[in-house]
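Reproduced below: run32.cif, with mmCIF, C-alpha atoms, pLDDT in the B column; chains and numbers go by the auth columns.
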data_coords
#
loop_
_atom_site.group_PDB
_atom_site.id
_atom_site.type_symbol
_atom_site.label_atom_id
_atom_site.label_comp_id
_atom_site.label_asym_id
_atom_site.label_seq_id
_atom_site.Cartn_x
_atom_site.Cartn_y
_atom_site.Cartn_z
_atom_site.B_iso_or_equiv
_atom_site.auth_seq_id
_atom_site.auth_asym_id
ATOM 1 C CA MET A 1 14.253 -15.929 -51.408 94.00 264 A
ATOM 2 C CA PHE A 2 11.316 -14.382 -53.232 98.00 265 A
ATOM 3 C CA SER A 3 9.690 -11.057 -54.071 98.00 266 A
ATOM 4 C CA ILE A 4 6.022 -10.253 -53.454 98.00 267 A
ATOM 5 C CA VAL A 5 4.729 -7.790 -56.043 98.00 268 A
ATOM 6 C CA VAL A 6 1.600 -5.817 -55.108 98.00 269 A
ATOM 7 C CA PRO A 7 0.055 -3.249 -57.496 97.00 270 A
ATOM 8 C CA LEU A 8 -1.919 -0.471 -55.799 97.00 271 A
ATOM 9 C CA PHE A 9 -4.493 1.958 -57.076 96.00 272 A
ATOM 10 C CA ASN A 10 -6.547 3.833 -54.475 96.00 273 A
ATOM 11 C CA GLU A 11 -6.026 1.209 -51.753 96.00 274 A
ATOM 12 C CA SER A 12 -4.971 3.509 -48.906 96.00 275 A
ATOM 13 C CA LYS A 13 -7.074 1.724 -46.255 95.00 276 A
ATOM 14 C CA ASN A 14 -6.100 -1.769 -47.377 96.00 277 A
ATOM 15 C CA ILE A 15 -2.299 -1.447 -47.516 97.00 278 A
ATOM 16 C CA ILE A 16 -1.274 -1.613 -43.856 97.00 279 A
ATOM 17 C CA PRO A 17 -3.681 -4.454 -42.909 97.00 280 A
ATOM 18 C CA LEU A 18 -2.473 -6.414 -45.947 97.00 281 A
ATOM 19 C CA LEU A 19 1.200 -5.911 -45.059 98.00 282 A
ATOM 20 C CA LYS A 20 0.542 -7.097 -41.499 97.00 283 A
ATOM 21 C CA GLU A 21 -1.206 -10.198 -42.849 97.00 284 A
ATOM 22 C CA ILE A 22 1.679 -10.957 -45.203 98.00 285 A
ATOM 23 C CA GLU A 23 4.191 -10.635 -42.378 97.00 286 A
ATOM 24 C CA SER A 24 2.120 -12.887 -40.117 97.00 287 A
ATOM 25 C CA SER A 25 1.608 -15.506 -42.829 97.00 288 A
ATOM 26 C CA LEU A 26 5.311 -15.624 -43.693 97.00 289 A
ATOM 27 C CA LYS A 27 6.789 -15.624 -40.187 95.00 290 A
ATOM 28 C CA ASP A 28 8.587 -18.892 -41.006 94.00 291 A
ATOM 29 C CA TYR A 29 10.306 -17.377 -44.051 94.00 292 A
ATOM 30 C CA ASP A 30 13.386 -15.170 -44.266 89.00 293 A
ATOM 31 C CA ASN A 31 14.966 -13.167 -47.081 91.00 294 A
ATOM 32 C CA TYR A 32 11.907 -11.965 -48.938 97.00 295 A
ATOM 33 C CA GLU A 33 10.948 -8.499 -50.090 98.00 296 A
ATOM 34 C CA ILE A 34 7.647 -6.795 -50.822 98.00 297 A
ATOM 35 C CA VAL A 35 7.404 -4.502 -53.844 98.00 298 A
ATOM 36 C CA LEU A 36 4.558 -1.972 -53.716 98.00 299 A
ATOM 37 C CA ILE A 37 3.706 -0.183 -56.960 98.00 300 A
ATOM 38 C CA ASN A 38 1.473 2.851 -56.541 98.00 301 A
ATOM 39 C CA ASP A 39 -0.211 3.405 -59.907 97.00 302 A
ATOM 40 C CA SER A 40 -0.662 7.167 -59.513 96.00 303 A
ATOM 41 C CA SER A 41 -3.445 6.790 -56.939 97.00 304 A
ATOM 42 C CA THR A 42 -5.761 9.740 -56.326 96.00 305 A
ATOM 43 C CA ASP A 43 -6.459 8.906 -52.665 96.00 306 A
ATOM 44 C CA ASN A 44 -3.967 8.773 -49.764 96.00 307 A
ATOM 45 C CA THR A 45 -2.094 5.698 -51.017 97.00 308 A
ATOM 46 C CA ALA A 46 1.102 7.646 -51.752 97.00 309 A
ATOM 47 C CA LYS A 47 1.063 9.205 -48.278 97.00 310 A
ATOM 48 C CA VAL A 48 0.465 5.889 -46.542 97.00 311 A
ATOM 49 C CA ILE A 49 3.311 4.069 -48.279 97.00 312 A
ATOM 50 C CA SER A 50 5.683 7.037 -47.878 96.00 313 A
ATOM 51 C CA ASN A 51 5.515 6.460 -44.116 96.00 314 A
ATOM 52 C CA ILE A 52 6.639 2.826 -44.388 96.00 315 A
ATOM 53 C CA THR A 53 10.137 2.418 -42.980 93.00 316 A
ATOM 54 C CA ASN A 54 10.603 -1.345 -43.341 94.00 317 A
ATOM 55 C CA GLU A 55 13.773 -1.870 -45.404 93.00 318 A
ATOM 56 C CA SER A 56 12.407 -5.089 -46.912 96.00 319 A
ATOM 57 C CA ILE A 57 9.584 -3.136 -48.568 97.00 320 A
ATOM 58 C CA LYS A 58 10.425 -1.484 -51.872 98.00 321 A
ATOM 59 C CA ILE A 59 8.183 1.380 -53.002 98.00 322 A
ATOM 60 C CA ILE A 60 7.604 2.430 -56.605 98.00 323 A
ATOM 61 C CA ASN A 61 5.403 5.356 -57.640 97.00 324 A
ATOM 62 C CA ASN A 62 4.146 5.584 -61.222 97.00 325 A
ATOM 63 C CA ILE A 63 4.063 9.187 -62.409 95.00 326 A
ATOM 64 C CA ASP A 64 0.967 8.452 -64.498 96.00 327 A
ATOM 65 C CA ASN A 65 -1.791 5.869 -64.150 96.00 328 A
ATOM 66 C CA LYS A 66 -0.521 3.009 -66.316 95.00 329 A
ATOM 67 C CA GLY A 67 -2.755 0.118 -65.299 93.00 330 A
ATOM 68 C CA GLN A 68 -2.267 -3.180 -63.510 94.00 331 A
ATOM 69 C CA SER A 69 -0.182 -4.977 -66.141 96.00 332 A
ATOM 70 C CA PHE A 70 2.312 -2.124 -66.385 97.00 333 A
ATOM 71 C CA SER A 71 2.584 -1.887 -62.598 98.00 334 A
ATOM 72 C CA ILE A 72 3.128 -5.623 -62.165 98.00 335 A
ATOM 73 C CA HIS A 73 5.682 -5.711 -64.985 98.00 336 A
ATOM 74 C CA LYS A 74 7.578 -2.760 -63.529 98.00 337 A
ATOM 75 C CA GLY A 75 7.512 -4.266 -60.041 98.00 338 A
ATOM 76 C CA ILE A 76 8.876 -7.564 -61.336 98.00 339 A
ATOM 77 C CA GLU A 77 11.595 -5.811 -63.347 98.00 340 A
ATOM 78 C CA LEU A 78 12.753 -3.946 -60.238 98.00 341 A
ATOM 79 C CA SER A 79 12.444 -6.924 -57.878 98.00 342 A
ATOM 80 C CA SER A 80 15.564 -8.534 -56.407 97.00 343 A
ATOM 81 C CA ASN A 81 14.660 -12.229 -56.584 98.00 344 A
ATOM 82 C CA GLU A 82 14.006 -14.866 -59.238 98.00 345 A
ATOM 83 C CA THR A 83 10.871 -16.213 -57.565 98.00 346 A
ATOM 84 C CA ILE A 84 7.893 -13.850 -57.853 98.00 347 A
ATOM 85 C CA ILE A 85 4.603 -13.827 -55.969 98.00 348 A
ATOM 86 C CA THR A 86 1.794 -11.568 -57.140 98.00 349 A
ATOM 87 C CA LEU A 87 -1.376 -10.635 -55.299 96.00 350 A
ATOM 88 C CA ASP A 88 -3.863 -7.790 -55.411 94.00 351 A
ATOM 89 C CA GLY A 89 -3.664 -4.846 -53.051 95.00 352 A
ATOM 90 C CA ASP A 90 -7.389 -4.888 -52.255 92.00 353 A
ATOM 91 C CA GLY A 91 -7.161 -7.585 -49.579 92.00 354 A
ATOM 92 C CA GLN A 92 -9.351 -10.100 -51.402 92.00 355 A
ATOM 93 C CA ASN A 93 -6.430 -12.513 -51.881 95.00 356 A
ATOM 94 C CA ASP A 94 -5.589 -14.241 -48.592 96.00 357 A
ATOM 95 C CA PRO A 95 -1.862 -14.070 -47.683 97.00 358 A
ATOM 96 C CA ARG A 96 -2.291 -17.244 -45.611 97.00 359 A
ATOM 97 C CA ASP A 97 -2.432 -19.127 -48.920 97.00 360 A
ATOM 98 C CA ILE A 98 1.054 -17.976 -49.955 98.00 361 A
ATOM 99 C CA PRO A 99 2.938 -20.754 -48.076 97.00 362 A
ATOM 100 C CA LYS A 100 0.828 -23.403 -49.850 97.00 363 A
ATOM 101 C CA LEU A 101 1.766 -22.038 -53.255 98.00 364 A
ATOM 102 C CA LEU A 102 5.415 -21.624 -52.289 98.00 365 A
ATOM 103 C CA ASN A 103 5.659 -25.177 -50.973 97.00 366 A
ATOM 104 C CA LEU A 104 4.291 -26.597 -54.207 97.00 367 A
ATOM 105 C CA TYR A 105 6.548 -24.361 -56.302 98.00 368 A
ATOM 106 C CA PHE A 106 9.767 -25.081 -54.406 96.00 369 A
ATOM 107 C CA THR A 107 9.257 -28.846 -54.109 96.00 370 A
ATOM 108 C CA ASN A 108 9.004 -29.453 -57.845 95.00 371 A
ATOM 109 C CA ASP A 109 11.761 -28.042 -60.047 94.00 372 A
ATOM 110 C CA LYS A 110 9.742 -28.632 -63.211 97.00 373 A
ATOM 111 C CA ILE A 111 6.865 -26.387 -62.136 98.00 374 A
ATOM 112 C CA LYS A 112 7.431 -22.775 -63.220 98.00 375 A
ATOM 113 C CA LEU A 113 4.037 -21.324 -62.270 98.00 376 A
ATOM 114 C CA VAL A 114 1.617 -22.129 -59.462 98.00 377 A
ATOM 115 C CA GLY A 115 -1.686 -20.283 -59.697 97.00 378 A
ATOM 116 C CA GLY A 116 -4.556 -19.869 -57.286 96.00 379 A
ATOM 117 C CA ILE A 117 -8.113 -20.897 -58.111 92.00 380 A
ATOM 118 C CA ARG A 118 -10.565 -18.828 -56.098 88.00 381 A
ATOM 119 C CA LYS A 119 -13.169 -20.928 -54.296 85.00 382 A
ATOM 120 C CA LYS A 120 -16.454 -19.307 -53.271 73.00 383 A
ATOM 121 C CA ARG A 121 -15.635 -16.002 -54.929 63.00 384 A
ATOM 122 C CA GLN A 122 -16.771 -12.987 -52.945 57.00 385 A
ATOM 123 C CA ASP A 123 -17.642 -10.750 -55.886 56.00 386 A
ATOM 124 C CA SER A 124 -20.805 -9.419 -57.502 55.00 387 A
ATOM 125 C CA TYR A 125 -22.856 -11.816 -59.622 56.00 388 A
ATOM 126 C CA ILE A 126 -22.201 -9.799 -62.773 58.00 389 A
ATOM 127 C CA LYS A 127 -18.447 -9.914 -62.136 60.00 390 A
ATOM 128 C CA ILE A 128 -18.491 -13.672 -61.552 55.00 391 A
ATOM 129 C CA PHE A 129 -20.732 -14.305 -64.568 59.00 392 A
ATOM 130 C CA SER A 130 -18.627 -12.241 -66.960 61.00 393 A
ATOM 131 C CA SER A 131 -15.476 -13.950 -65.672 65.00 394 A
ATOM 132 C CA LYS A 132 -16.982 -17.365 -66.353 65.00 395 A
ATOM 133 C CA ILE A 133 -17.744 -16.348 -69.932 68.00 396 A
ATOM 134 C CA ALA A 134 -14.227 -15.005 -70.438 69.00 397 A
ATOM 135 C CA ASN A 135 -12.676 -18.097 -68.844 65.00 398 A
ATOM 136 C CA TYR A 136 -14.724 -20.387 -71.077 72.00 399 A
ATOM 137 C CA ILE A 137 -13.732 -18.571 -74.265 77.00 400 A
ATOM 138 C CA ARG A 138 -10.096 -18.346 -73.210 75.00 401 A
ATOM 139 C CA SER A 139 -9.800 -22.013 -72.251 73.00 402 A
ATOM 140 C CA LYS A 140 -11.348 -23.129 -75.527 77.00 403 A
ATOM 141 C CA ILE A 141 -8.895 -21.104 -77.607 84.00 404 A
ATOM 142 C CA LEU A 142 -5.719 -21.221 -75.507 89.00 405 A
ATOM 143 C CA SER A 143 -6.100 -24.593 -73.708 84.00 406 A
ATOM 144 C CA ASP A 144 -4.260 -23.298 -70.648 88.00 407 A
ATOM 145 C CA ASN A 145 -5.920 -25.800 -68.240 87.00 408 A
ATOM 146 C CA CYS A 146 -6.698 -22.947 -65.840 87.00 409 A
ATOM 147 C CA LYS A 147 -10.231 -22.431 -64.497 83.00 410 A
ATOM 148 C CA ASP A 148 -9.468 -19.010 -63.027 85.00 411 A
ATOM 149 C CA THR A 149 -6.713 -17.143 -64.833 84.00 412 A
ATOM 150 C CA GLY A 150 -7.939 -13.892 -63.256 83.00 413 A
ATOM 151 C CA CYS A 151 -6.829 -14.882 -59.755 91.00 414 A
ATOM 152 C CA SER A 152 -3.893 -12.593 -58.998 94.00 415 A
ATOM 153 C CA LEU A 153 -2.325 -14.906 -56.412 97.00 416 A
ATOM 154 C CA LYS A 154 0.454 -16.684 -58.317 98.00 417 A
ATOM 155 C CA VAL A 155 4.047 -17.850 -57.864 98.00 418 A
ATOM 156 C CA PHE A 156 6.305 -17.983 -60.910 98.00 419 A
ATOM 157 C CA SER A 157 9.753 -17.443 -62.433 98.00 420 A
ATOM 158 C CA LYS A 158 10.845 -13.860 -62.992 98.00 421 A
ATOM 159 C CA ASN A 159 13.212 -14.695 -65.858 98.00 422 A
ATOM 160 C CA ILE A 160 10.575 -16.609 -67.790 98.00 423 A
ATOM 161 C CA PHE A 161 8.019 -13.834 -67.234 98.00 424 A
ATOM 162 C CA LEU A 162 10.391 -11.200 -68.609 98.00 425 A
ATOM 163 C CA ASP A 163 10.840 -13.263 -71.782 97.00 426 A
ATOM 164 C CA PHE A 164 7.190 -12.699 -72.713 98.00 427 A
ATOM 165 C CA PRO A 165 6.358 -9.733 -74.975 97.00 428 A
ATOM 166 C CA TYR A 166 4.748 -7.039 -72.849 97.00 429 A
ATOM 167 C CA PHE A 167 1.179 -5.944 -73.549 95.00 430 A
ATOM 168 C CA ASP A 168 -1.531 -4.320 -71.452 93.00 431 A
ATOM 169 C CA GLY A 169 -3.556 -7.129 -69.913 91.00 432 A
ATOM 170 C CA MET A 170 -0.805 -9.751 -69.964 95.00 433 A
ATOM 171 C CA HIS A 171 -1.098 -10.429 -66.210 95.00 434 A
ATOM 172 C CA ARG A 172 -4.411 -12.208 -66.897 91.00 435 A
ATOM 173 C CA PHE A 173 -2.804 -14.634 -69.342 95.00 436 A
ATOM 174 C CA LEU A 174 0.239 -15.909 -67.469 97.00 437 A
ATOM 175 C CA PRO A 175 -0.977 -19.552 -67.306 96.00 438 A
ATOM 176 C CA ALA A 176 -1.494 -19.568 -71.091 95.00 439 A
ATOM 177 C CA LEU A 177 1.862 -17.917 -71.763 97.00 440 A
ATOM 178 C CA PHE A 178 3.818 -20.260 -69.489 97.00 441 A
ATOM 179 C CA LYS A 179 2.090 -23.318 -70.938 96.00 442 A
ATOM 180 C CA GLY A 180 2.435 -21.981 -74.495 96.00 443 A
ATOM 181 C CA TYR A 181 6.178 -21.638 -73.948 97.00 444 A
ATOM 182 C CA SER A 182 6.245 -25.308 -72.805 96.00 445 A
ATOM 183 C CA TYR A 183 6.679 -24.688 -69.078 97.00 446 A
ATOM 184 C CA LYS A 184 4.816 -26.779 -66.533 97.00 447 A
ATOM 185 C CA THR A 185 2.048 -25.087 -64.559 97.00 448 A
ATOM 186 C CA THR A 186 -0.261 -26.222 -61.786 97.00 449 A
ATOM 187 C CA PHE A 187 -3.141 -24.734 -59.805 96.00 450 A
ATOM 188 C CA ILE A 188 -4.613 -25.069 -56.313 96.00 451 A
ATOM 189 C CA GLU A 189 -7.700 -23.700 -54.603 96.00 452 A
ATOM 190 C CA VAL A 190 -7.244 -20.568 -52.510 96.00 453 A
ATOM 191 C CA ASN A 191 -9.443 -18.472 -50.273 93.00 454 A
ATOM 192 C CA HIS A 192 -11.206 -15.380 -51.573 88.00 455 A
ATOM 193 C CA ARG A 193 -12.549 -12.557 -49.437 88.00 456 A
ATOM 194 C CA LYS A 194 -14.905 -9.629 -49.721 81.00 457 A
ATOM 195 C CA ARG A 195 -13.360 -6.234 -50.220 83.00 458 A
ATOM 196 C CA LYS A 196 -13.437 -4.280 -46.944 82.00 459 A
ATOM 197 C CA TYR A 197 -12.443 -0.830 -48.192 78.00 460 A
ATOM 198 C CA GLY A 198 -12.579 1.008 -51.494 69.00 461 A
ATOM 199 C CA VAL A 199 -14.297 -0.001 -54.708 70.00 462 A
ATOM 200 C CA SER A 200 -13.505 -2.442 -57.472 65.00 463 A
ATOM 201 C CA LYS A 201 -11.863 -0.990 -60.588 56.00 464 A
ATOM 202 C CA TYR A 202 -13.469 -3.732 -62.655 49.00 465 A
ATOM 203 C CA GLY A 203 -15.082 -2.633 -65.933 50.00 466 A
ATOM 204 C CA THR A 204 -17.190 -5.670 -66.800 51.00 467 A
ATOM 205 C CA ILE A 205 -18.219 -5.098 -70.420 53.00 468 A
ATOM 206 C CA ASN A 206 -15.062 -3.297 -71.500 60.00 469 A
ATOM 207 C CA ARG A 207 -12.848 -5.951 -69.930 63.00 470 A
ATOM 208 C CA LEU A 208 -14.832 -8.747 -71.563 63.00 471 A
ATOM 209 C CA PHE A 209 -14.353 -7.344 -75.077 68.00 472 A
ATOM 210 C CA LYS A 210 -10.742 -6.413 -74.377 75.00 473 A
ATOM 211 C CA GLY A 211 -10.203 -9.919 -73.041 76.00 474 A
ATOM 212 C CA ILE A 212 -11.351 -11.473 -76.305 81.00 475 A
ATOM 213 C CA ARG A 213 -8.963 -9.227 -78.223 87.00 476 A
ATOM 214 C CA ASP A 214 -6.142 -10.168 -75.866 91.00 477 A
ATOM 215 C CA ILE A 215 -6.887 -13.881 -76.312 91.00 478 A
ATOM 216 C CA ILE A 216 -6.199 -13.487 -80.023 91.00 479 A
ATOM 217 C CA ARG A 217 -3.008 -11.567 -79.213 94.00 480 A
ATOM 218 C CA VAL A 218 -1.784 -14.306 -76.843 95.00 481 A
ATOM 219 C CA LYS A 219 -2.573 -16.987 -79.422 94.00 482 A
ATOM 220 C CA LYS A 220 -0.371 -15.157 -81.938 95.00 483 A
ATOM 221 C CA ILE A 221 2.444 -14.729 -79.385 96.00 484 A
ATOM 222 C CA ILE A 222 2.436 -18.456 -78.623 96.00 485 A
ATOM 223 C CA ASN A 223 2.227 -19.438 -82.301 95.00 486 A
ATOM 224 C CA ASN A 224 5.128 -17.146 -83.174 93.00 487 A
ATOM 225 C CA TYR A 225 7.228 -18.564 -80.344 93.00 488 A
ATOM 226 C CA ASN A 226 6.592 -22.147 -81.477 90.00 489 A
ATOM 227 C CA LYS A 227 7.666 -21.292 -85.026 81.00 490 A
ATOM 228 C CA ILE A 228 11.163 -20.414 -83.823 67.00 491 A
#
Written as structure tokens, how would this file's structure read?
Amino acid sequence: MFSIVVPLFNESKNIIPLLKEIESSLKDYDNYEIVLINDSSTDNTAKVISNITNESIKIINNIDNKGQSFSIHKGIELSSNETIITLDGDGQNDPRDIPKLLNLYFTNDKIKLVGGIRKKRQDSYIKIFSSKIANYIRSKILSDNCKDTGCSLKVFSKNIFLDFPYFDGMHRFLPALFKGYSYKTTFIEVNHRKRKYGVSKYGTINRLFKGIRDIIRVKKIINNYNKI
């Protein structure tokens, strides 16, 4: 049993194809739910998800635009299962990779987070370059052993996640937080695809500077935890 948490912001054209891909990829699995969190989209996202009648799909609508971390956190809080899978709603994560992550997670009780490492990223050069800079700085300071903490495709423990102090941007630091709290993590390569519909909400320069600030925040969170 597991819950798939998918944050959405202006992804009206991507939702239904993504749900069909998830269903196809997980045809050998039973007893899972999908949690869709609409982060106050300004397109037709709310209308599209309001027409979904599948009882295994839970729909949450944020009254205001709260951002990806808030949406993921809220979706996890309201999920029904201990095992959580996260992936983006833009279709760039490949649902066919989910069984690989689940198999690794469920066959080793000591592993509490399995993260994807995007191979051959299908993003703009500036996005890839800025991510490499952020990953380099983060890995030097936090030593999380993760080459691609920004990959949204992850499997992890709900209860451990909810123990972490919430902050905006925390979804990008889950490998560091799990490792900092002395939980075992591992990573495998996953597919990455070009966005078919919509536009990226990625703010390169702003996210880079915010990321550096958040690295310092995460370092303090881990240090405080280890003092207990």
Checklist entry - Residues around (12.3, -6.7, -45.3), cut-off 9 Å, counting only C-alpha atoms - what are they as JSON, numbers by chain? => result {"A": [293, 294, 295, 296, 297, 317, 318, 319, 320, 321]}
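Here atom CA of A:Ile423 and atom CA of A:Ile400 stand 25.2 Å from one another.
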Item to check | Selection result of the PyMOL selection byres ((chain A and resi 456) around 8) on this file, as an MDAnalysis selection string | outcome: chainID A and resid 354:357 384:385 454:455 457:458
Could you tell me, as a PDB file with C-alpha atoms, in the coordinates of the input, exactly which residues end up selected when the PyMOL selection byres ((chain A and resi 408) around 12) is applied to this structure?
ATOM      1  CA  GLY A 378      -1.686 -20.283 -59.697  1.00 97.00           C
ATOM      2  CA  ILE A 380      -8.113 -20.897 -58.111  1.00 92.00           C
ATOM      3  CA  ASN A 398     -12.676 -18.097 -68.844  1.00 65.00           C
ATOM      4  CA  TYR A 399     -14.724 -20.387 -71.077  1.00 72.00           C
ATOM      5  CA  ARG A 401     -10.096 -18.346 -73.210  1.00 75.00           C
ATOM      6  CA  SER A 402      -9.800 -22.013 -72.251  1.00 73.00           C
ATOM      7  CA  LYS A 403     -11.348 -23.129 -75.527  1.00 77.00           C
ATOM      8  CA  ILE A 404      -8.895 -21.104 -77.607  1.00 84.00           C
ATOM      9  CA  LEU A 405      -5.719 -21.221 -75.507  1.00 89.00           C
ATOM     10  CA  SER A 406      -6.100 -24.593 -73.708  1.00 84.00           C
ATOM     11  CA  ASP A 407      -4.260 -23.298 -70.648  1.00 88.00           C
ATOM     12  CA  CYS A 409      -6.698 -22.947 -65.840  1.00 87.00           C
ATOM     13  CA  LYS A 410     -10.231 -22.431 -64.497  1.00 83.00           C
ATOM     14  CA  ASP A 411      -9.468 -19.010 -63.027  1.00 85.00           C
ATOM     15  CA  THR A 412      -6.713 -17.143 -64.833  1.00 84.00           C
ATOM     16  CA  PHE A 436      -2.804 -14.634 -69.342  1.00 95.00           C
ATOM     17  CA  LEU A 437       0.239 -15.909 -67.469  1.00 97.00           C
ATOM     18  CA  PRO A 438      -0.977 -19.552 -67.306  1.00 96.00           C
ATOM     19  CA  ALA A 439      -1.494 -19.568 -71.091  1.00 95.00           C
ATOM     20  CA  LEU A 440       1.862 -17.917 -71.763  1.00 97.00           C
ATOM     21  CA  PHE A 441       3.818 -20.260 -69.489  1.00 97.00           C
ATOM     22  CA  LYS A 442       2.090 -23.318 -70.938  1.00 96.00           C
ATOM     23  CA  GLY A 443       2.435 -21.981 -74.495  1.00 96.00           C
ATOM     24  CA  LYS A 447       4.816 -26.779 -66.533  1.00 97.00           C
ATOM     25  CA  THR A 448       2.048 -25.087 -64.559  1.00 97.00           C
ATOM     26  CA  THR A 449      -0.261 -26.222 -61.786  1.00 97.00           C
ATOM     27  CA  PHE A 450      -3.141 -24.734 -59.805  1.00 96.00           C
TER      28      PHE A 450
END
Checklist entry - Any chance you could work out the residue set of the PyMOL selection byres ((chain A and resi 421) around 6) here, as JSON, numbers by chain? => result {"A": [345, 346, 347, 420, 422, 423, 424]}
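Shortest separation to A:Leu365 among A:Leu341, A:Ile451, A:Ile484, A:Leu282 occurs at residue A:Ile451, atoms counted being only C-alpha atoms.
Nearest to A:Asn324 of all the residues A:Ser415, A:Ser266, A:Ser304, A:Ser343 is A:Ser304, based on only C-alpha atoms.
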Next on the checklist: What's the separation between atom CA of A:Ser288 and atom CA of A:Ile348, in Å to one decimal place?
Outcome noted: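 Distance between the two atoms: 13.6 Å.
What separates atom CA of A:Pro270 from atom CA of A:Lys417 is a distance of 13.5 Å.
Residues having any atom no farther than 6 Å from (15.7, -13.7, -53.2) (counting all atoms listed in the file) are A:Met264, A:Phe265, A:Tyr295, A:Asn344.
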Let me have the centre and edge lengths in Å, one decimal, of the box along x, y and z around every listed atom of stretch 419-433 of chain A with 3 Å of margin on each side, as lines of an AutoDock Vina configuration file.
center_x = 4.8
center_y = -11.2
center_z = -67.9
size_x = 22.8
size_y = 19.7
size_z = 20.1
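With all atoms listed in the file as the basis for measurement, A:Val269 is the residue among A:Val453, A:Leu299, A:Val269, A:Val481 that approaches A:Asp351 most closely.
Counting only C-alpha atoms and comparing A:Tyr488, A:Phe427, A:Tyr460, A:Tyr292, the residue that lies closest to A:His336 is A:Phe427.
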Checklist entry - Which one of A:Glu452, A:Asp302, A:Glu286, A:Asp291 sits closest to A:Gly352 if you count all atoms listed in the file? => result A:Asp302
Item to check | Residue nearest A:Lys373 - candidates A:Asn273, A:Ser303, A:Ser445, A:Asn328, atoms counted: all atoms listed in the file | outcome: A:Ser445
Next on the checklist: List the spatial neighbours of A:Tyr429 as number ranges by chain - criterion: any atom at most 9 Å away, only C-alpha atoms, same-chain residues fewer than 2 positions off excluded.
Outcome noted: A: 332-333, 336, 425-427, 431-433
Mind writing the picked residues with C-alpha atoms as a PDB file, in the frame of the given file?
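Output (result16.pdb):
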ATOM      1  CA  SER A 332      -0.182  -4.977 -66.141  1.00 96.00           C
ATOM      2  CA  PHE A 333       2.312  -2.124 -66.385  1.00 97.00           C
ATOM      3  CA  HIS A 336       5.682  -5.711 -64.985  1.00 98.00           C
ATOM      4  CA  LEU A 425      10.391 -11.200 -68.609  1.00 98.00           C
ATOM      5  CA  ASP A 426      10.840 -13.263 -71.782  1.00 97.00           C
ATOM      6  CA  PHE A 427       7.190 -12.699 -72.713  1.00 98.00           C
ATOM      7  CA  ASP A 431      -1.531  -4.320 -71.452  1.00 93.00           C
ATOM      8  CA  GLY A 432      -3.556  -7.129 -69.913  1.00 91.00           C
ATOM      9  CA  MET A 433      -0.805  -9.751 -69.964  1.00 95.00           C
TER      10      MET A 433
END
